[in-house]
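As provided, upload.cif (mmCIF, C-alpha atoms and all ligand atoms; chains and numbers go by the auth columns) reads as follows.
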```cif
data_run
loop_
_atom_site.group_PDB
_atom_site.id
_atom_site.type_symbol
_atom_site.label_atom_id
_atom_site.label_comp_id
_atom_site.label_asym_id
_atom_site.label_seq_id
_atom_site.Cartn_x
_atom_site.Cartn_y
_atom_site.Cartn_z
_atom_site.B_iso_or_equiv
_atom_site.auth_seq_id
_atom_site.auth_asym_id
ATOM 1 C CA MET A 1 -10.810 29.341 -20.609 0.00 1 A
ATOM 2 C CA ASN A 2 -14.325 27.918 -21.127 0.00 2 A
ATOM 3 C CA GLN A 3 -15.079 25.646 -18.173 0.00 3 A
ATOM 4 C CA ALA A 4 -17.825 23.577 -19.899 0.00 4 A
ATOM 5 C CA PRO A 5 -15.601 21.254 -22.015 0.00 5 A
ATOM 6 C CA LEU A 6 -13.349 20.718 -18.994 0.00 6 A
ATOM 7 C CA LEU A 7 -16.280 19.736 -16.770 0.00 7 A
ATOM 8 C CA VAL A 8 -17.682 17.436 -19.496 0.00 8 A
ATOM 9 C CA LEU A 9 -14.321 15.639 -19.874 0.00 9 A
ATOM 10 C CA HIS A 10 -13.920 15.489 -16.086 0.00 10 A
ATOM 11 C CA VAL A 11 -17.307 13.841 -15.578 0.00 11 A
ATOM 12 C CA LEU A 12 -16.878 11.480 -18.587 0.00 12 A
ATOM 13 C CA ALA A 13 -13.542 10.298 -17.146 0.00 13 A
ATOM 14 C CA THR A 14 -15.263 9.745 -13.780 0.00 14 A
ATOM 15 C CA VAL A 15 -18.123 7.746 -15.317 0.00 15 A
ATOM 16 C CA ILE A 16 -15.778 5.500 -17.316 0.00 16 A
ATOM 17 C CA TRP A 17 -13.369 4.792 -14.442 0.00 17 A
ATOM 18 C CA VAL A 18 -15.807 4.444 -11.524 0.00 18 A
ATOM 19 C CA GLY A 19 -18.506 2.756 -13.634 0.00 19 A
ATOM 20 C CA GLY A 20 -15.961 0.273 -15.005 0.00 20 A
ATOM 21 C CA MET A 21 -14.760 -0.616 -11.494 0.00 21 A
ATOM 22 C CA PHE A 22 -18.368 -0.989 -10.301 0.00 22 A
ATOM 23 C CA PHE A 23 -19.176 -3.400 -13.160 0.00 23 A
ATOM 24 C CA ALA A 24 -15.956 -5.415 -12.748 0.00 24 A
ATOM 25 C CA HIS A 25 -16.153 -5.723 -8.971 0.00 25 A
ATOM 26 C CA LEU A 26 -19.861 -6.147 -8.319 0.00 26 A
ATOM 27 C CA VAL A 27 -21.109 -7.809 -11.515 0.00 27 A
ATOM 28 C CA LEU A 28 -18.377 -9.644 -13.442 0.00 28 A
ATOM 29 C CA ARG A 29 -16.377 -10.914 -10.436 0.00 29 A
ATOM 30 C CA PRO A 30 -19.165 -12.924 -8.723 0.00 30 A
ATOM 31 C CA VAL A 31 -20.252 -14.449 -12.058 0.00 31 A
ATOM 32 C CA ALA A 32 -16.658 -15.411 -12.987 0.00 32 A
ATOM 33 C CA MET A 33 -16.067 -16.877 -9.489 0.00 33 A
ATOM 34 C CA ALA A 34 -19.206 -19.009 -9.690 0.00 34 A
ATOM 35 C CA GLN A 35 -18.827 -20.251 -13.250 0.00 35 A
ATOM 36 C CA LEU A 36 -15.145 -20.579 -14.204 0.00 36 A
ATOM 37 C CA ASP A 37 -12.241 -22.696 -12.969 0.00 37 A
ATOM 38 C CA ALA A 38 -8.986 -20.931 -12.016 0.00 38 A
ATOM 39 C CA PRO A 39 -7.122 -20.948 -15.382 0.00 39 A
ATOM 40 C CA ALA A 40 -10.189 -19.771 -17.330 0.00 40 A
ATOM 41 C CA ARG A 41 -11.023 -17.118 -14.701 0.00 41 A
ATOM 42 C CA LEU A 42 -7.465 -15.761 -14.527 0.00 42 A
ATOM 43 C CA THR A 43 -7.211 -15.666 -18.328 0.00 43 A
ATOM 44 C CA LEU A 44 -10.546 -13.828 -18.465 0.00 44 A
ATOM 45 C CA TRP A 45 -9.303 -11.187 -15.978 0.00 45 A
ATOM 46 C CA SER A 46 -6.080 -10.847 -17.940 0.00 46 A
ATOM 47 C CA GLY A 47 -8.127 -9.944 -21.044 0.00 47 A
ATOM 48 C CA VAL A 48 -10.452 -7.660 -19.065 0.00 48 A
ATOM 49 C CA PHE A 49 -7.541 -5.672 -17.548 0.00 49 A
ATOM 50 C CA LYS A 50 -5.786 -5.452 -20.914 0.00 50 A
ATOM 51 C CA ARG A 51 -8.845 -3.700 -22.349 0.00 51 A
ATOM 52 C CA PHE A 52 -9.954 -1.698 -19.290 0.00 52 A
ATOM 53 C CA PHE A 53 -6.645 -0.353 -17.928 0.00 53 A
ATOM 54 C CA PRO A 54 -5.800 1.810 -21.006 0.00 54 A
ATOM 55 C CA TRP A 55 -9.140 3.602 -20.385 0.00 55 A
ATOM 56 C CA VAL A 56 -8.212 3.982 -16.716 0.00 56 A
ATOM 57 C CA TRP A 57 -4.902 5.575 -17.787 0.00 57 A
ATOM 58 C CA VAL A 58 -6.874 8.113 -19.852 0.00 58 A
ATOM 59 C CA ALA A 59 -9.038 8.866 -16.781 0.00 59 A
ATOM 60 C CA VAL A 60 -6.000 9.009 -14.465 0.00 60 A
ATOM 61 C CA ILE A 61 -4.455 11.697 -16.693 0.00 61 A
ATOM 62 C CA LEU A 62 -7.661 13.605 -17.508 0.00 62 A
ATOM 63 C CA LEU A 63 -9.164 13.792 -13.993 0.00 63 A
ATOM 64 C CA PRO A 64 -6.368 15.725 -12.262 0.00 64 A
ATOM 65 C CA LEU A 65 -5.625 17.766 -15.406 0.00 65 A
ATOM 66 C CA THR A 66 -9.223 18.925 -15.987 0.00 66 A
ATOM 67 C CA GLY A 67 -9.857 19.036 -12.215 0.00 67 A
ATOM 68 C CA PHE A 68 -7.029 21.467 -11.444 0.00 68 A
ATOM 69 C CA LEU A 69 -7.803 23.588 -14.563 0.00 69 A
ATOM 70 C CA LEU A 70 -11.429 23.800 -13.363 0.00 70 A
ATOM 71 C CA LEU A 71 -10.285 24.587 -9.832 0.00 71 A
ATOM 72 C CA PHE A 72 -7.900 27.400 -10.780 0.00 72 A
ATOM 73 C CA GLY A 73 -10.341 28.696 -13.450 0.00 73 A
ATOM 74 C CA ALA A 74 -13.283 28.842 -11.040 0.00 74 A
ATOM 75 C CA PHE A 75 -11.640 29.746 -7.727 0.00 75 A
ATOM 76 C CA GLY A 76 -8.222 31.189 -8.629 0.00 76 A
ATOM 77 C CA SER A 77 -6.264 29.292 -5.966 0.00 77 A
ATOM 78 C CA MET A 78 -6.403 26.212 -3.755 0.00 78 A
ATOM 79 C CA ALA A 79 -6.921 28.452 -0.712 0.00 79 A
ATOM 80 C CA ASP A 80 -10.070 29.988 -2.240 0.00 80 A
ATOM 81 C CA ALA A 81 -11.594 26.630 -3.294 0.00 81 A
ATOM 82 C CA PRO A 82 -14.468 25.305 -1.117 0.00 82 A
ATOM 83 C CA PRO A 83 -14.008 22.304 1.253 0.00 83 A
ATOM 84 C CA ASP A 84 -15.786 19.826 -1.049 0.00 84 A
ATOM 85 C CA VAL A 85 -13.296 20.617 -3.833 0.00 85 A
ATOM 86 C CA HIS A 86 -10.402 20.107 -1.380 0.00 86 A
ATOM 87 C CA VAL A 87 -11.803 16.704 -0.392 0.00 87 A
ATOM 88 C CA MET A 88 -12.313 15.791 -4.091 0.00 88 A
ATOM 89 C CA SER A 89 -8.737 16.781 -4.990 0.00 89 A
ATOM 90 C CA GLY A 90 -7.283 14.807 -2.068 0.00 90 A
ATOM 91 C CA LEU A 91 -9.329 11.665 -2.694 0.00 91 A
ATOM 92 C CA GLY A 92 -8.721 11.962 -6.457 0.00 92 A
ATOM 93 C CA LEU A 93 -4.947 12.076 -5.981 0.00 93 A
ATOM 94 C CA VAL A 94 -5.068 9.070 -3.614 0.00 94 A
ATOM 95 C CA MET A 95 -7.069 7.137 -6.260 0.00 95 A
ATOM 96 C CA VAL A 96 -4.510 8.007 -8.930 0.00 96 A
ATOM 97 C CA ALA A 97 -1.631 6.874 -6.650 0.00 97 A
ATOM 98 C CA ILE A 98 -3.418 3.583 -5.869 0.00 98 A
ATOM 99 C CA PHE A 99 -3.984 2.865 -9.567 0.00 99 A
ATOM 100 C CA ILE A 100 -0.358 3.616 -10.484 0.00 100 A
ATOM 101 C CA GLY A 101 0.800 1.333 -7.628 0.00 101 A
ATOM 102 C CA LEU A 102 -1.604 -1.418 -8.706 0.00 102 A
ATOM 103 C CA TRP A 103 -0.498 -1.177 -12.321 0.00 103 A
ATOM 104 C CA SER A 104 3.222 -1.114 -11.458 0.00 104 A
ATOM 105 C CA ILE A 105 3.402 -4.016 -8.988 0.00 105 A
ATOM 106 C CA PRO A 106 0.562 -6.570 -8.707 0.00 106 A
ATOM 107 C CA TYR A 107 -0.663 -6.127 -12.295 0.00 107 A
ATOM 108 C CA ARG A 108 2.856 -6.517 -13.708 0.00 108 A
ATOM 109 C CA ARG A 109 3.360 -9.688 -11.622 0.00 109 A
ATOM 110 C CA PHE A 110 -0.123 -10.943 -12.535 0.00 110 A
ATOM 111 C CA ARG A 111 0.602 -10.614 -16.284 0.00 111 A
ATOM 112 C CA ALA A 112 3.906 -12.459 -15.904 0.00 112 A
ATOM 113 C CA ALA A 113 2.281 -15.254 -13.849 0.00 113 A
ATOM 114 C CA VAL A 114 -0.580 -15.703 -16.349 0.00 114 A
ATOM 115 C CA ALA A 115 1.886 -15.767 -19.281 0.00 115 A
ATOM 116 C CA ALA A 116 3.883 -18.495 -17.468 0.00 116 A
ATOM 117 C CA GLN A 117 0.652 -20.315 -16.471 0.00 117 A
ATOM 118 C CA HIS A 118 1.611 -20.071 -12.789 0.00 118 A
ATOM 119 C CA TRP A 119 -2.016 -20.024 -11.687 0.00 119 A
ATOM 120 C CA LYS A 120 -1.401 -19.965 -7.935 0.00 120 A
ATOM 121 C CA ALA A 121 0.877 -16.916 -8.176 0.00 121 A
ATOM 122 C CA ALA A 122 -1.552 -15.242 -10.592 0.00 122 A
ATOM 123 C CA ALA A 123 -4.452 -15.853 -8.174 0.00 123 A
ATOM 124 C CA HIS A 124 -2.448 -14.266 -5.334 0.00 124 A
ATOM 125 C CA GLN A 125 -1.761 -11.127 -7.413 0.00 125 A
ATOM 126 C CA LEU A 126 -5.416 -11.006 -8.489 0.00 126 A
ATOM 127 C CA THR A 127 -6.439 -10.912 -4.812 0.00 127 A
ATOM 128 C CA LEU A 128 -4.191 -7.862 -4.304 0.00 128 A
ATOM 129 C CA ILE A 129 -5.598 -6.209 -7.443 0.00 129 A
ATOM 130 C CA ARG A 130 -9.164 -6.916 -6.265 0.00 130 A
ATOM 131 C CA ARG A 131 -8.514 -5.284 -2.863 0.00 131 A
ATOM 132 C CA LEU A 132 -6.973 -2.203 -4.472 0.00 132 A
ATOM 133 C CA VAL A 133 -9.850 -1.921 -6.969 0.00 133 A
ATOM 134 C CA ALA A 134 -12.371 -2.284 -4.099 0.00 134 A
ATOM 135 C CA THR A 135 -10.553 0.538 -2.266 0.00 135 A
ATOM 136 C CA ASN A 136 -10.570 2.760 -5.348 0.00 136 A
ATOM 137 C CA LEU A 137 -14.223 1.992 -6.026 0.00 137 A
ATOM 138 C CA THR A 138 -15.118 3.046 -2.465 0.00 138 A
ATOM 139 C CA LEU A 139 -13.026 6.222 -2.791 0.00 139 A
ATOM 140 C CA GLY A 140 -14.478 6.920 -6.265 0.00 140 A
ATOM 141 C CA LEU A 141 -18.099 6.592 -5.133 0.00 141 A
ATOM 142 C CA THR A 142 -17.338 8.723 -2.054 0.00 142 A
ATOM 143 C CA THR A 143 -15.732 11.350 -4.289 0.00 143 A
ATOM 144 C CA VAL A 144 -18.796 11.443 -6.560 0.00 144 A
ATOM 145 C CA VAL A 145 -21.029 11.955 -3.487 0.00 145 A
ATOM 146 C CA VAL A 146 -18.758 14.763 -2.250 0.00 146 A
ATOM 147 C CA ALA A 147 -18.436 16.310 -5.746 0.00 147 A
ATOM 148 C CA THR A 148 -22.157 16.393 -6.448 0.00 148 A
ATOM 149 C CA GLY A 149 -23.690 16.801 -2.973 0.00 149 A
ATOM 150 C CA GLY A 150 -20.724 18.411 -1.216 0.00 150 A
ATOM 151 C CA SER A 151 -21.765 22.037 -1.619 0.00 151 A
ATOM 152 C CA TYR A 152 -25.047 21.145 0.177 0.00 152 A
ATOM 153 C CA PHE A 153 -23.264 19.419 3.092 0.00 153 A
ATOM 154 C CA PHE A 154 -20.364 21.798 3.743 0.00 154 A
HETATM 155 C C1 LIG B . -7.767 14.660 -9.039 0.00 201 R
HETATM 156 C C2 LIG B . -8.116 15.822 -8.597 0.00 201 R
HETATM 157 C C3 LIG B . -9.453 16.497 -8.832 0.00 201 R
HETATM 158 C C4 LIG B . -9.663 17.838 -8.848 0.00 201 R
HETATM 159 C C5 LIG B . -8.615 18.912 -8.647 0.00 201 R
HETATM 160 C C6 LIG B . -11.066 18.063 -9.094 0.00 201 R
HETATM 161 C C7 LIG B . -11.673 19.305 -9.223 0.00 201 R
HETATM 162 C C8 LIG B . -12.968 19.531 -9.594 0.00 201 R
HETATM 163 C C9 LIG B . -13.582 20.843 -9.755 0.00 201 R
HETATM 164 C C10 LIG B . -12.881 22.183 -9.511 0.00 201 R
HETATM 165 C C11 LIG B . -14.870 20.649 -10.133 0.00 201 R
HETATM 166 C C12 LIG B . -15.919 21.739 -10.390 0.00 201 R
HETATM 167 C C13 LIG B . -16.616 21.976 -9.051 0.00 201 R
HETATM 168 C C14 LIG B . -17.443 23.216 -9.007 0.00 201 R
HETATM 169 O O1 LIG B . -17.392 24.010 -9.949 0.00 201 R
HETATM 170 O O2 LIG B . -18.142 23.378 -7.973 0.00 201 R
HETATM 171 C C15 LIG B . -15.116 19.228 -10.205 0.00 201 R
HETATM 172 C C16 LIG B . -16.314 18.631 -10.534 0.00 201 R
HETATM 173 C C17 LIG B . -16.567 17.277 -10.434 0.00 201 R
HETATM 174 N N1 LIG B . -15.659 16.305 -10.063 0.00 201 R
HETATM 175 FE FE1 LIG B . -13.680 16.560 -9.633 0.00 201 R
HETATM 176 N N2 LIG B . -11.694 16.840 -9.213 0.00 201 R
HETATM 177 C C18 LIG B . -10.756 15.864 -9.053 0.00 201 R
HETATM 178 C C19 LIG B . -10.993 14.494 -9.073 0.00 201 R
HETATM 179 C C20 LIG B . -12.243 13.925 -9.172 0.00 201 R
HETATM 180 C C21 LIG B . -12.525 12.506 -9.022 0.00 201 R
HETATM 181 C C22 LIG B . -11.460 11.432 -8.714 0.00 201 R
HETATM 182 C C23 LIG B . -13.862 12.342 -9.192 0.00 201 R
HETATM 183 C C24 LIG B . -14.699 11.088 -9.118 0.00 201 R
HETATM 184 C C25 LIG B . -14.243 9.895 -8.896 0.00 201 R
HETATM 185 C C26 LIG B . -14.434 13.635 -9.460 0.00 201 R
HETATM 186 C C27 LIG B . -15.770 13.861 -9.742 0.00 201 R
HETATM 187 C C28 LIG B . -16.314 15.078 -10.073 0.00 201 R
HETATM 188 C C29 LIG B . -17.700 15.286 -10.469 0.00 201 R
HETATM 189 C C30 LIG B . -18.774 14.178 -10.604 0.00 201 R
HETATM 190 C C31 LIG B . -17.856 16.664 -10.691 0.00 201 R
HETATM 191 C C32 LIG B . -19.121 17.391 -11.144 0.00 201 R
HETATM 192 C C33 LIG B . -19.807 17.975 -9.932 0.00 201 R
HETATM 193 C C34 LIG B . -21.030 18.788 -10.335 0.00 201 R
HETATM 194 O O3 LIG B . -20.993 19.484 -11.374 0.00 201 R
HETATM 195 O O4 LIG B . -22.020 18.740 -9.583 0.00 201 R
HETATM 196 N N3 LIG B . -13.418 14.565 -9.439 0.00 201 R
HETATM 197 N N4 LIG B . -13.935 18.568 -9.879 0.00 201 R
#
```
Using structure tokens, write down the structure that the file contains.
Ligand code: HEM
Amino acid sequence: MNQAPLLVLHVLATVIWVGGMFFAHLVLRPVAMAQLDAPARLTLWSGVFKRFFPWVWVAVILLPLTGFLLLFGAFGSMADAPPDVHVMSGLGLVMVAIFIGLWSIPYRRFRAAVAAQHWKAAAHQLTLIRRLVATNLTLGLTTVVVATGGSYFF
């Protein structure tokens, strides 16, 4: 199988997911905190997640799929893959698990709280979501460093 389309999809999924988290966490969040009161801020995040999370689902499916096809296509087996690819696979799977957990528990509760206008409960769930997104952003940026520079370090 031609590896080029797989690598293109893999990197596009990375850019969309990690870039989206970077923008949300480091750009939109401080501006929303400074300028909006709680109901407006929580409603804004509800709309942001509704539009961003479907793209994250695409990335969450594409990254492991294209990643393992690339891995087996290029190296034949996990045992023959270099250390940087092992680290990328491990961190990538942890990121996927964190997103699925985030989507299943705090995001579900956050949506319900916003719909019921229970702002205090919604704010509590948003704090959990923010911590999980910050963790995934850190893992995502680390994975990009390992993926691109890894063969020079290891
Ligand atoms: C989920 C499991 C994953 C697997 C199995 C996997 C596997 C791979 C493989 C085999 C390559 C080609 C490496 C080479 O030919 O030397 C690659 C490239 C790449 N991966 Fe992953 N990956 C995964 C997740 C991720 C994640 C989560 C990110 C970023 C957040 C990421 C970012 C990249 C980047 C940026 C490249 C291009 C590296 C380059 O061409 O210099 N991967 N991946």
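Applied to this file, the PyMOL selection byres (((not hetatm)) within 6 of (chain R and resi 201)) selects the residues Val11, Thr14, Leu63, Pro64, Gly67, Phe68, Leu70, Leu71, Val85, Met88, Ser89, Gly92, Leu93, Gly140, Thr143, Val144, Ala147 and Thr148 of chain A.
Nearest residue to Ala74 in chain A, choosing from A:Ala32, A:Ile105, A:Val146, A:Leu6 and counting all atoms listed in the file: A:Leu6.
Using all atoms listed in the file, the shortest contact distance between His25 in chain A and any of A:Leu69, A:Ala115, A:Ile100, A:Val48 is found at A:Val48.
In terms of minimum interatomic distance to Leu62 in chain A, A:Val96 ranks closest within A:Leu137, A:Ala116, A:Val96, A:Leu126, counting all atoms listed in the file.
Between CA of Arg111 in chain A and CA of Arg131 in chain A the interatomic distance comes to 17.1 Å.
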All heavy atoms restored at range 103-114 of chain A, emitted as a compact mmCIF listing (two decimals), in the frame of the given file:
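What ended up in selection-v6.txt:
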```
# COMPACT_ATOMS: atom_id res chain seq x y z
N TRP A 103 -0.95 -0.87 -10.95
CA TRP A 103 -0.50 -1.18 -12.32
C TRP A 103 0.98 -1.58 -12.31
O TRP A 103 1.39 -2.48 -13.04
CB TRP A 103 -0.72 0.07 -13.20
CG TRP A 103 -0.63 -0.24 -14.65
CD1 TRP A 103 -1.63 -0.70 -15.46
CD2 TRP A 103 0.53 -0.12 -15.48
NE1 TRP A 103 -1.16 -0.87 -16.74
CE2 TRP A 103 0.16 -0.52 -16.78
CE3 TRP A 103 1.84 0.30 -15.24
CZ2 TRP A 103 1.05 -0.53 -17.83
CZ3 TRP A 103 2.73 0.29 -16.30
CH2 TRP A 103 2.32 -0.13 -17.58
N SER A 104 1.76 -0.90 -11.44
CA SER A 104 3.22 -1.11 -11.46
C SER A 104 3.64 -2.42 -10.80
O SER A 104 4.63 -3.01 -11.20
CB SER A 104 3.95 0.02 -10.72
OG SER A 104 3.49 1.25 -11.14
N ILE A 105 2.92 -2.82 -9.71
CA ILE A 105 3.40 -4.02 -8.99
C ILE A 105 2.49 -5.24 -9.19
O ILE A 105 2.85 -6.12 -9.96
CB ILE A 105 3.69 -3.69 -7.50
CG1 ILE A 105 4.71 -2.54 -7.43
CG2 ILE A 105 4.24 -4.94 -6.78
CD1 ILE A 105 4.94 -1.97 -6.07
N PRO A 106 1.30 -5.30 -8.57
CA PRO A 106 0.56 -6.57 -8.71
C PRO A 106 0.13 -6.88 -10.15
O PRO A 106 0.16 -8.04 -10.55
CB PRO A 106 -0.66 -6.41 -7.79
CG PRO A 106 -0.71 -5.01 -7.38
CD PRO A 106 0.62 -4.39 -7.64
N TYR A 107 -0.22 -5.83 -10.92
CA TYR A 107 -0.66 -6.13 -12.30
C TYR A 107 0.50 -6.63 -13.15
O TYR A 107 0.34 -7.56 -13.95
CB TYR A 107 -1.32 -4.90 -12.93
CG TYR A 107 -1.75 -5.13 -14.36
CD1 TYR A 107 -2.56 -6.22 -14.69
CD2 TYR A 107 -1.34 -4.28 -15.39
CE1 TYR A 107 -2.95 -6.46 -16.01
CE2 TYR A 107 -1.73 -4.51 -16.70
CZ TYR A 107 -2.53 -5.59 -17.01
OH TYR A 107 -2.91 -5.83 -18.31
N ARG A 108 1.69 -6.06 -12.95
CA ARG A 108 2.86 -6.52 -13.71
C ARG A 108 3.16 -7.98 -13.36
O ARG A 108 3.37 -8.82 -14.23
CB ARG A 108 4.07 -5.62 -13.38
CG ARG A 108 5.24 -5.76 -14.32
CD ARG A 108 6.32 -4.72 -14.06
NE ARG A 108 6.66 -4.56 -12.65
CZ ARG A 108 7.39 -5.41 -11.93
NH1 ARG A 108 7.90 -6.47 -12.51
NH2 ARG A 108 7.64 -5.19 -10.66
N ARG A 109 3.10 -8.30 -12.06
CA ARG A 109 3.36 -9.69 -11.62
C ARG A 109 2.25 -10.62 -12.09
O ARG A 109 2.51 -11.78 -12.46
CB ARG A 109 3.45 -9.74 -10.09
CG ARG A 109 4.69 -9.03 -9.58
CD ARG A 109 4.78 -9.10 -8.07
NE ARG A 109 5.95 -8.38 -7.61
CZ ARG A 109 6.12 -7.94 -6.37
NH1 ARG A 109 5.18 -8.16 -5.46
NH2 ARG A 109 7.20 -7.29 -6.03
N PHE A 110 1.01 -10.13 -12.08
CA PHE A 110 -0.12 -10.94 -12.54
C PHE A 110 0.05 -11.32 -14.01
O PHE A 110 -0.10 -12.49 -14.38
CB PHE A 110 -1.42 -10.13 -12.33
CG PHE A 110 -2.65 -10.78 -12.91
CD1 PHE A 110 -3.28 -11.84 -12.28
CD2 PHE A 110 -3.20 -10.31 -14.11
CE1 PHE A 110 -4.42 -12.44 -12.82
CE2 PHE A 110 -4.32 -10.90 -14.65
CZ PHE A 110 -4.93 -11.97 -14.01
N ARG A 111 0.41 -10.33 -14.85
CA ARG A 111 0.60 -10.61 -16.28
C ARG A 111 1.68 -11.65 -16.49
O ARG A 111 1.52 -12.58 -17.29
CB ARG A 111 1.03 -9.34 -17.03
CG ARG A 111 -0.14 -8.56 -17.57
CD ARG A 111 0.33 -7.37 -18.35
NE ARG A 111 1.31 -6.61 -17.58
CZ ARG A 111 1.85 -5.47 -17.95
NH1 ARG A 111 1.57 -4.95 -19.10
NH2 ARG A 111 2.71 -4.83 -17.19
N ALA A 112 2.79 -11.52 -15.75
CA ALA A 112 3.91 -12.46 -15.90
C ALA A 112 3.47 -13.86 -15.47
O ALA A 112 3.78 -14.85 -16.15
CB ALA A 112 5.10 -11.99 -15.09
N ALA A 113 2.71 -13.94 -14.36
CA ALA A 113 2.28 -15.25 -13.85
C ALA A 113 1.30 -15.91 -14.82
O ALA A 113 1.38 -17.12 -15.07
CB ALA A 113 1.66 -15.10 -12.46
N VAL A 114 0.38 -15.13 -15.39
CA VAL A 114 -0.58 -15.70 -16.35
C VAL A 114 0.18 -16.19 -17.60
O VAL A 114 -0.07 -17.29 -18.10
CB VAL A 114 -1.69 -14.68 -16.73
CG1 VAL A 114 -2.52 -15.18 -17.92
CG2 VAL A 114 -2.59 -14.42 -15.53
```
